[in-house]
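Engineer: The structure under discussion is supplied below as structure tokens; questions concerning it will follow.
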Amino acid sequence: MVTALPLERLKTVDSMGWMKYAAWDPEEYIKALREAGFTDVKMKDKTSSAGQEFQRFMLPKNAYLEEEAAALCNIKPDHHVLELGFGPGIGLKKAAEYVEKGVGKVHGVDFSPAMVVEAINNLPQEIEDEKVELVLGNVASLPYRDDSMDSIFHANCYYFWPDIPLVARDLLRVLKPGGLMVTVLSLEGLKTVDSMGWMKYATWDPEEYMKALREAGFADVKMEDKTSSAGQEFQVILSSKSCLQEDATLQACEGES
Ligand SMILES: C[S@@+](CC[C@H](N)C(=O)[O-])C[C@H]1O[C@@H](n2cnc3c(N)ncnc32)[C@H](O)[C@@H]1O
């Protein structure tokens, strides 16, 4: 019996949270084979194109979602924008274009050291110009002040959050009154990945996510079908922070008198 696996890629995918509940450790697998009675069980390093193929296949597929999410935020040059789970940094790069000529800044949080390193490598100029600031951290404890972000966006990310209601409350805290949160996903893509067993323990149902946002206090929560400029179908979930605060004081929202 021959079992092939791209170990380096598995480690990266694991660090992104995709393999949290999958028993991918080859040592465990080898042990199980031996215990089942297989003999001469051994792992060898080989050189093949399989691992690279996987990487090339995954990243460009998500690129349009990242760029569309940044575009839907309606970012102005003086805005402070936050991306959650930025991965290789495609959305951060797009968002940075909108603040390039102003005093705005793009902030990003991702809990995967591998992804933070990749984003740093992909955004050297934006980081040097202080237009992009990255944090290695968990969305469950955001290191930002109350009412500090004009918009927040994320692509293919909420499925892995440890506690969606808790994260939603903290996102509402950091969003400015009148601010917008843009969540992008591909329902078709998610259904395919789910049918392959990858999403078994991920909370990807958009209805559950939207319910958590509403319960946290987000306003105008709705999902819309969209088509990217290159013709790909995707979904966006829009939600905002009301200008009317709990103490019933009307806060000044940008663009309102
Ligand atoms: C499926 S990847 C999507 C990456 C990128 N947004 C894209 O669409 O290409 C999910 C990303 O979210 C990050 N992530 C998952 N759970 C997280 C958490 N609790 N806190 C911070 N980042 C998280 C992962 O490290 C990974 O970069």
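We name chains A, B, ... following the order of the structure tokens; residues begin at 1 in each chain, and ligands are numbered from 1 as shown.
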Find the residues of chain A that sit at most 9 Å from ligand 1; for each, write down the nearest two atoms and how far apart they are in Å, to one decimal. Count only C-alpha atoms and all ligand atoms. Sort by chain, then by number going up, and give it as a tab-separated table.
Structural biologist:
residue	atom	partner	partner_atom_place_in_ligand_line	distance
A:Thr12	CA	ligand 1	25 (O)	8.9
A:Val13	CA	ligand 1	26 (C)	8.3
A:Asp14	CA	ligand 1	25 (O)	8.7
A:Ser15	CA	ligand 1	25 (O)	6.3
A:Met16	CA	ligand 1	25 (O)	3.6
A:Gly17	CA	ligand 1	15 (C)	5.5
A:Trp18	CA	ligand 1	1 (C)	7.1
A:Met58	CA	ligand 1	9 (O)	8.2
A:Leu59	CA	ligand 1	9 (O)	6.1
A:Pro60	CA	ligand 1	9 (O)	8.2
A:Lys61	CA	ligand 1	9 (O)	8.0
A:Asn62	CA	ligand 1	9 (O)	4.8
A:Ala63	CA	ligand 1	9 (O)	6.1
A:Tyr64	CA	ligand 1	8 (O)	8.7
A:Leu65	CA	ligand 1	8 (O)	6.5
A:Glu66	CA	ligand 1	8 (O)	5.7
A:Glu83	CA	ligand 1	6 (N)	8.3
A:Leu84	CA	ligand 1	22 (N)	6.2
A:Gly85	CA	ligand 1	12 (O)	3.4
A:Phe86	CA	ligand 1	6 (N)	4.4
A:Gly87	CA	ligand 1	27 (O)	3.5
A:Pro88	CA	ligand 1	9 (O)	6.6
A:Gly89	CA	ligand 1	5 (C)	7.3
A:Ile90	CA	ligand 1	9 (O)	7.3
A:Gly91	CA	ligand 1	6 (N)	7.6
A:Val109	CA	ligand 1	21 (C)	5.8
A:Asp110	CA	ligand 1	22 (N)	3.6
A:Phe111	CA	ligand 1	21 (C)	4.0
A:Ser112	CA	ligand 1	25 (O)	4.2
A:Pro113	CA	ligand 1	25 (O)	7.8
A:Ala114	CA	ligand 1	25 (O)	8.1
A:Met115	CA	ligand 1	27 (O)	5.7
A:Val116	CA	ligand 1	27 (O)	8.1
A:Leu136	CA	ligand 1	21 (C)	7.7
A:Gly137	CA	ligand 1	21 (C)	5.7
A:Asn138	CA	ligand 1	20 (N)	3.5
A:Val139	CA	ligand 1	20 (N)	4.1
A:Ala140	CA	ligand 1	19 (N)	6.2
A:Ser141	CA	ligand 1	20 (N)	8.6
A:His154	CA	ligand 1	6 (N)	6.1
A:Ala155	CA	ligand 1	6 (N)	4.4
A:Asn156	CA	ligand 1	3 (C)	4.9
A:Cys157	CA	ligand 1	10 (C)	4.6
A:Tyr158	CA	ligand 1	16 (N)	7.1
A:Tyr159	CA	ligand 1	16 (N)	7.6
A:Phe160	CA	ligand 1	16 (N)	4.6
A:Trp161	CA	ligand 1	19 (N)	4.5
A:Pro162	CA	ligand 1	19 (N)	5.9
A:Asp163	CA	ligand 1	19 (N)	8.6
A:Val167	CA	ligand 1	19 (N)	8.8
A:Val184	CA	ligand 1	8 (O)	8.6
A:Leu185	CA	ligand 1	8 (O)	8.4
Engineer: With a distance cut-off of 7 Å and only C-alpha atoms, select the neighbouring residues of segment 98-106 of chain A, excluding the residue or stretch itself and same-chain residues fewer than 5 positions from it, and output the selection as a PyMOL selection string.
Structural biologist: chain A and resi 75-82+92+131-133
Engineer: Need to verify the contact set: Asn74 of chain A, 9 Å, only C-alpha atoms, exclusion of same-chain residues closer than 3 positions in sequence. Can you return it as a list in words?
Structural biologist: Ala70, Ala71, Tyr98, Ser151 and Leu180 of chain A
Engineer: Report the closest atom pair, with its distance in Å rounded to one decimal, for each residue of segment 152-238 of chain A that has an atom no farther than 10 Å from segment 20-38 of chain A; count only C-alpha atoms, sort by chain and then rising residue number, and write it as CSV.
Structural biologist:
residue,atom,partner,partner_atom,distance
A:Phe160,CA,A:Lys20,CA,9.1
A:Gly197,CA,A:Ala22,CA,9.7
A:Trp198,CA,A:Ala22,CA,8.5
A:Met199,CA,A:Tyr21,CA,9.6
A:Lys200,CA,A:Tyr21,CA,8.5
A:Tyr201,CA,A:Tyr21,CA,6.9
A:Ala202,CA,A:Tyr21,CA,9.3
